[in-house]
$ cat protein-v1.tsv   # TSV, C-alpha atoms and all ligand atoms
chain	number	residue	atom	x	y	z
A	1	MET	CA	60.18	37.44	104.77
A	2	ASP	CA	63.69	36.51	105.90
A	3	GLU	CA	65.51	39.77	105.40
A	4	VAL	CA	66.73	39.80	109.01
A	5	SER	CA	66.87	36.11	109.84
A	6	GLN	CA	70.21	34.30	109.73
A	7	ALA	CA	72.66	36.43	107.73
A	8	GLY	CA	69.77	38.17	105.97
A	9	ARG	CA	70.24	41.12	103.67
A	10	ALA	CA	72.99	42.56	105.87
A	11	GLY	CA	74.97	39.38	105.14
A	12	LEU	CA	74.22	39.64	101.44
A	13	LEU	CA	75.54	43.22	101.31
A	14	ALA	CA	78.59	42.39	103.43
A	15	ALA	CA	79.51	39.47	101.15
A	16	HIS	CA	79.05	41.62	98.07
A	17	ASP	CA	81.29	44.33	99.58
A	18	LYS	CA	84.05	41.74	99.85
A	19	GLY	CA	83.51	40.54	96.29
A	20	ILE	CA	82.02	37.21	97.44
A	21	PRO	CA	79.36	35.80	95.11
A	22	VAL	CA	76.10	34.92	96.87
A	23	VAL	CA	73.92	31.98	95.85
A	24	ILE	CA	70.35	32.05	97.13
A	25	MET	CA	68.96	28.76	98.38
A	26	GLU	CA	65.26	28.14	99.00
A	27	PRO	CA	64.18	31.29	97.14
A	28	LEU	CA	60.53	30.34	97.61
A	29	ARG	CA	61.10	29.14	101.20
A	30	GLY	CA	60.62	25.56	100.15
A	31	GLY	CA	57.47	26.44	98.18
A	32	LYS	CA	55.89	28.22	101.16
A	33	LEU	CA	55.74	31.50	99.24
A	34	VAL	CA	53.63	29.74	96.65
A	35	ASP	CA	51.45	26.90	97.94
A	36	LEU	CA	51.06	28.05	101.53
A	37	LEU	CA	50.44	31.74	100.86
A	38	PRO	CA	47.24	32.97	102.54
A	39	ALA	CA	44.38	33.12	100.00
A	40	GLU	CA	44.15	36.90	100.50
A	41	ALA	CA	47.77	37.29	99.41
A	42	LYS	CA	47.29	34.97	96.42
A	43	ASN	CA	44.27	37.01	95.27
A	44	LEU	CA	46.12	40.28	95.67
A	45	ILE	CA	49.03	39.08	93.53
A	46	ALA	CA	46.67	37.65	90.90
A	47	SER	CA	44.77	40.94	90.63
A	48	SER	CA	47.89	43.13	90.29
A	49	PRO	CA	48.47	44.77	86.87
A	50	LYS	CA	51.56	42.73	85.93
A	51	LYS	CA	49.78	39.43	86.66
A	52	TYR	CA	52.93	37.83	88.08
A	53	SER	CA	52.51	34.45	89.70
A	54	PRO	CA	53.57	34.30	93.38
A	55	ALA	CA	56.76	32.47	92.30
A	56	GLU	CA	57.53	35.08	89.67
A	57	LEU	CA	57.08	37.92	92.14
A	58	ALA	CA	59.46	36.24	94.60
A	59	PHE	CA	62.09	35.49	91.93
A	60	ARG	CA	61.94	38.99	90.52
A	61	TRP	CA	62.44	40.47	94.01
A	62	LEU	CA	65.68	38.49	94.21
A	63	PHE	CA	66.86	39.18	90.67
A	64	ASP	CA	66.20	42.87	91.27
A	65	GLN	CA	69.11	42.95	93.73
A	66	PRO	CA	72.53	43.37	92.08
A	67	GLU	CA	74.22	41.61	95.02
A	68	VAL	CA	72.48	38.32	94.17
A	69	THR	CA	74.72	36.16	91.96
A	70	CYS	CA	72.59	33.09	91.43
A	71	VAL	CA	69.18	31.80	92.52
A	72	LEU	CA	68.76	28.06	93.06
A	73	SER	CA	65.29	26.72	92.65
A	74	GLY	CA	63.90	23.21	92.86
A	75	MET	CA	61.76	22.35	89.84
A	76	ASN	CA	59.39	19.41	89.55
A	77	SER	CA	58.14	19.74	85.98
A	78	LEU	CA	59.14	20.96	82.53
A	79	ALA	CA	56.64	23.80	82.90
A	80	MET	CA	58.48	25.01	86.00
A	81	VAL	CA	61.84	24.81	84.21
A	82	GLU	CA	60.41	26.86	81.34
A	83	GLU	CA	58.84	29.42	83.66
A	84	ASN	CA	62.02	29.84	85.69
A	85	CYS	CA	64.17	30.20	82.55
A	86	ARG	CA	61.79	32.82	81.16
A	87	ILE	CA	61.83	34.84	84.40
A	88	ALA	CA	65.62	34.61	84.78
A	89	SER	CA	66.17	35.58	81.12
A	90	ASP	CA	64.17	38.77	81.22
A	91	SER	CA	65.05	39.88	84.76
A	92	GLU	CA	67.70	42.41	85.65
A	93	PRO	CA	68.73	44.41	88.71
A	94	GLY	CA	66.64	47.47	89.34
A	95	MET	CA	63.69	46.28	87.23
A	96	LEU	CA	61.06	46.50	89.97
A	97	GLY	CA	59.12	49.70	90.42
A	98	GLU	CA	57.34	51.35	93.33
A	99	GLU	CA	54.10	49.51	92.60
A	100	ASP	CA	55.93	46.14	92.76
A	101	PHE	CA	57.47	46.96	96.13
A	102	ALA	CA	54.09	48.16	97.38
A	103	LEU	CA	52.56	44.85	96.33
A	104	ILE	CA	55.36	42.88	98.01
A	105	SER	CA	54.94	44.95	101.15
A	106	LYS	CA	51.19	44.25	101.24
A	107	VAL	CA	51.77	40.52	100.75
A	108	LYS	CA	54.27	40.60	103.60
A	109	GLN	CA	51.75	42.41	105.80
A	110	ILE	CA	49.13	39.77	105.09
A	111	ILE	CA	51.53	36.96	106.00
A	112	ASN	CA	52.68	38.84	109.11
A	113	SER	CA	49.09	39.44	110.22
A	114	LYS	CA	48.79	35.68	110.75
A	115	ILE	CA	51.87	35.70	112.96
A	116	LYS	CA	51.45	34.84	116.63
A	117	VAL	CA	54.61	36.45	118.10
A	118	GLY	CA	56.24	39.50	116.51
A	119	CYS	CA	59.75	38.04	116.72
A	120	THR	CA	62.03	39.27	113.93
A	121	GLY	CA	64.73	36.68	114.63
A	122	CYS	CA	67.25	39.42	115.46
A	123	GLY	CA	68.82	37.26	118.19
A	124	TYR	CA	69.44	40.12	120.66
A	125	CYS	CA	67.86	37.98	123.37
A	126	MET	CA	70.50	35.30	122.87
A	127	PRO	CA	72.35	33.50	124.25
A	128	CYS	CA	69.95	32.19	126.86
A	129	PRO	CA	71.89	30.91	129.90
A	130	GLN	CA	69.66	27.81	129.89
A	131	GLY	CA	70.30	27.13	126.21
A	132	VAL	CA	66.76	27.87	124.98
A	133	ASP	CA	66.62	28.62	121.26
A	134	ILE	CA	64.25	31.57	121.60
A	135	PRO	CA	64.08	32.78	117.97
A	136	GLY	CA	64.00	29.20	116.71
A	137	ALA	CA	60.99	28.39	118.89
A	138	PHE	CA	59.11	31.54	117.85
A	139	LYS	CA	59.85	30.96	114.18
A	140	ALA	CA	58.33	27.50	114.35
A	141	TYR	CA	55.40	28.76	116.47
A	142	ASN	CA	54.62	31.41	113.86
A	143	ALA	CA	54.90	28.87	111.06
A	144	MET	CA	52.00	26.98	112.69
A	145	TYR	CA	49.76	29.96	111.89
A	146	THR	CA	51.26	31.30	108.66
A	147	GLU	CA	51.74	27.89	107.06
A	148	SER	CA	50.25	24.90	108.84
A	149	LYS	CA	50.31	23.20	112.23
A	150	PHE	CA	52.34	20.38	110.82
A	151	ALA	CA	54.85	22.70	109.11
A	152	GLY	CA	55.50	24.53	112.40
A	153	ARG	CA	55.85	21.36	114.44
A	154	PHE	CA	58.08	19.75	111.84
A	155	GLU	CA	60.34	22.80	111.76
A	156	TYR	CA	60.43	22.83	115.55
A	157	ALA	CA	61.42	19.19	115.69
A	158	GLN	CA	64.17	19.73	113.15
A	159	VAL	CA	65.58	23.07	114.28
A	160	VAL	CA	65.08	23.00	118.05
A	161	GLY	CA	64.35	19.37	118.88
A	162	LEU	CA	67.29	17.64	117.25
A	163	ARG	CA	70.11	19.85	118.48
A	164	LYS	CA	72.95	18.11	120.26
A	165	GLU	CA	72.35	20.26	123.35
A	166	LYS	CA	68.67	20.51	124.29
A	167	ALA	CA	67.21	23.92	123.49
A	168	PHE	CA	63.55	23.54	124.49
A	169	PRO	CA	61.51	26.44	125.91
A	170	SER	CA	60.66	24.19	128.87
A	171	GLN	CA	64.25	24.75	130.07
A	172	CYS	CA	63.44	28.40	130.75
A	173	VAL	CA	63.83	29.34	134.42
A	174	ALA	CA	62.28	32.80	133.95
A	175	CYS	CA	65.48	34.69	134.78
A	176	GLY	CA	64.25	37.55	132.57
A	177	LYS	CA	67.61	38.25	130.87
A	178	CYS	CA	66.17	37.83	127.38
A	179	GLU	CA	63.22	40.17	127.91
A	180	LYS	CA	65.55	43.05	128.84
A	181	HIS	CA	67.18	42.83	125.41
A	182	CYS	CA	64.20	42.28	123.13
A	183	PRO	CA	63.65	45.37	120.95
A	184	GLN	CA	60.13	44.16	120.17
A	185	GLY	CA	59.13	44.11	123.85
A	186	ILE	CA	57.95	40.52	123.59
A	187	HIS	CA	56.89	38.80	126.82
A	188	ILE	CA	59.28	36.04	125.99
A	189	ILE	CA	58.79	33.94	129.11
A	190	GLU	CA	55.01	33.74	128.67
A	191	GLU	CA	55.15	33.32	124.91
A	192	LEU	CA	57.71	30.52	125.18
A	193	LYS	CA	55.34	28.58	127.43
A	194	LYS	CA	52.53	28.94	124.91
A	195	ALA	CA	54.83	28.07	122.01
A	196	ASP	CA	56.13	24.91	123.63
A	197	LYS	CA	52.62	23.76	124.51
A	198	ALA	CA	51.42	24.27	120.95
A	199	LEU	CA	54.52	22.88	119.27
A	200	ARG	CA	55.10	19.82	121.41
A	201	PRO	CA	51.88	17.95	122.09
A	202	LEU	CA	52.53	14.57	123.71
A	203	PRO	CA	52.94	12.49	120.51
A	204	PHE	CA	55.50	15.02	119.18
A	205	LYS	CA	57.28	15.10	122.53
A	206	ILE	CA	57.66	11.32	122.48
A	207	GLY	CA	58.66	11.33	118.79
A	208	ILE	CA	61.30	14.05	119.24
A	209	GLU	CA	62.77	12.30	122.29
A	210	ALA	CA	62.99	9.00	120.40
A	211	ALA	CA	64.58	10.71	117.38
A	212	ARG	CA	67.09	12.49	119.64
A	213	ARG	CA	68.15	9.22	121.27
A	214	PHE	CA	68.51	7.49	117.92
A	215	ILE	CA	70.46	10.32	116.26
A	216	LEU	CA	72.78	10.98	119.20
A	217	LYS	CA	73.50	7.26	119.55
A	218	THR	CA	74.47	6.95	115.89
A	219	LYS	CA	76.74	10.04	115.94
A	301	LIG	S1	63.97	34.05	130.84
A	301	LIG	FE1	64.11	31.94	130.16
A	301	LIG	S2	64.45	32.09	127.98
A	301	LIG	FE2	64.90	34.10	128.83
A	301	LIG	S3	67.10	34.08	129.18
A	301	LIG	FE3	66.12	33.44	131.10
A	301	LIG	S4	66.05	31.20	131.00
A	301	LIG	FE4	66.46	31.96	128.92
A	302	LIG	S1	65.24	39.72	120.82
A	302	LIG	FE1	63.01	39.57	120.60
A	302	LIG	S2	62.67	39.86	118.40
A	302	LIG	FE2	64.84	39.42	118.66
A	302	LIG	S3	65.01	37.18	118.42
A	302	LIG	FE3	64.76	37.56	120.60
A	302	LIG	S4	62.55	37.41	120.91
A	302	LIG	FE4	62.85	37.66	118.73
$ encode --input "protein-v1.tsv" --output "structure tokens"
Amino acid sequence: MDEVSQAGRAGLLAAHDKGIPVVIMEPLRGGKLVDLLPAEAKNLIASSPKKYSPAELAFRWLFDQPEVTCVLSGMNSLAMVEENCRIASDSEPGMLGEEDFALISKVKQIINSKIKVGCTGCGYCMPCPQGVDIPGAFKAYNAMYTESKFAGRFEYAQVVGLRKEKAFPSQCVACGKCEKHCPQGIHIIEELKKADKALRPLPFKIGIEAARRFILKTK
């Protein structure tokens, strides 16, 4: 899901080329690839021949890549520790076959079909002269539909709302610079308006403003 966001796989390969070990954090996207998977995706994984759990499928995708040095995973029970140890012990690079990648691709399609704006997070639209965090806003907007309303708004508050310099879509002056560079042809100006409206209803607006004041005062 995050192959092109932040450093992504290109970063993984570049680090490996330089002999730098890479440690994967949030391999299950904070549990979102497990608990918040759409039911259709959960059923598809459960009915696949290897009967992997969603967590196992995600871990094996990572362990399949020789450039990955270590995978960090939060565990809340002994059962999770045992499952993770079992998967790590019998995983090795190159173990996944065509049918596994086809399954992963279908799961990804299902998640993406819930997405509101087809932003890949490439960042070609950036920087915005008004300081708007365009990919950050779309990522949170999409999370409202692929995960939950609260998850999207929470991410928005954290990633966009609490920056030192304000980066809200409402700062957009419709100069159009970003739209000229978007390879996905997204109507960024319009979509940003919708995203901000959905992500920042009044109580969130007030909450984010209060949190900003408190955090910036204590810095
Ligand atoms: S149209 Fe809005 S978001 Fe895009 S670059 Fe201009 S000010 Fe920034
Ligand atoms: S250029 Fe388009 S796809 Fe890339 S981050 Fe900006 S809005 Fe998203």
$ residues_near_ligand --input "protein-v1.tsv" --ligand "ligand LIG 301 (chain A)" --cutoff "6 Å" --atoms "only C-alpha atoms and all ligand atoms" --output "count of residues only"
12
$ closest_residue --input "protein-v1.tsv" --among "A:Ser73, A:Thr146, A:Ser105, A:Gln158" --to "Ile45 (chain A)" --atoms "all atoms listed in the file"
A:Ser105
$ residues_near_ligand --input "protein-v1.tsv" --ligand "ligand LIG 302 (chain A)" --cutoff "9 Å" --atoms "all atoms listed in the file" --output "PyMOL selection string"
chain A and resi 5+117-126+134-136+138-139+178-188
$ atom_distance --input "protein-v1.tsv" --atom1 "CA of Val34 (chain A)" --atom2 "CA of Ala151 (chain A)"
14.4 Å
$ residues_around --input "protein-v1.tsv" --residues "region 21-31 of chain A" --least-positions-apart "3" --cutoff "10 Å" --atoms "all atoms listed in the file" --output "PyMOL selection string"
chain A and resi 1-2+11-13+15-18+34-37+54-59+61-62+67-74
$ atom_distance --input "protein-v1.tsv" --atom1 "CA of Lys114 (chain A)" --atom2 "CA of Phe204 (chain A)"
23.3 Å
$ residues_around --input "protein-v1.tsv" --residues "Asp196 (chain A)" --least-positions-apart "5" --cutoff "8 Å" --atoms "all atoms listed in the file" --output "ChimeraX atom specification"
/A:137,168-170
$ residues_around --input "protein-v1.tsv" --residues "region 211-214 of chain A" --least-positions-apart "6" --cutoff "10 Å" --atoms "only C-alpha atoms" --output "PyMOL selection string"
chain A and resi 157-158+161-164+166+205
$ atom_distance --input "protein-v1.tsv" --atom1 "CA of Lys51 (chain A)" --atom2 "CA of Pro66 (chain A)"
23.7 Å
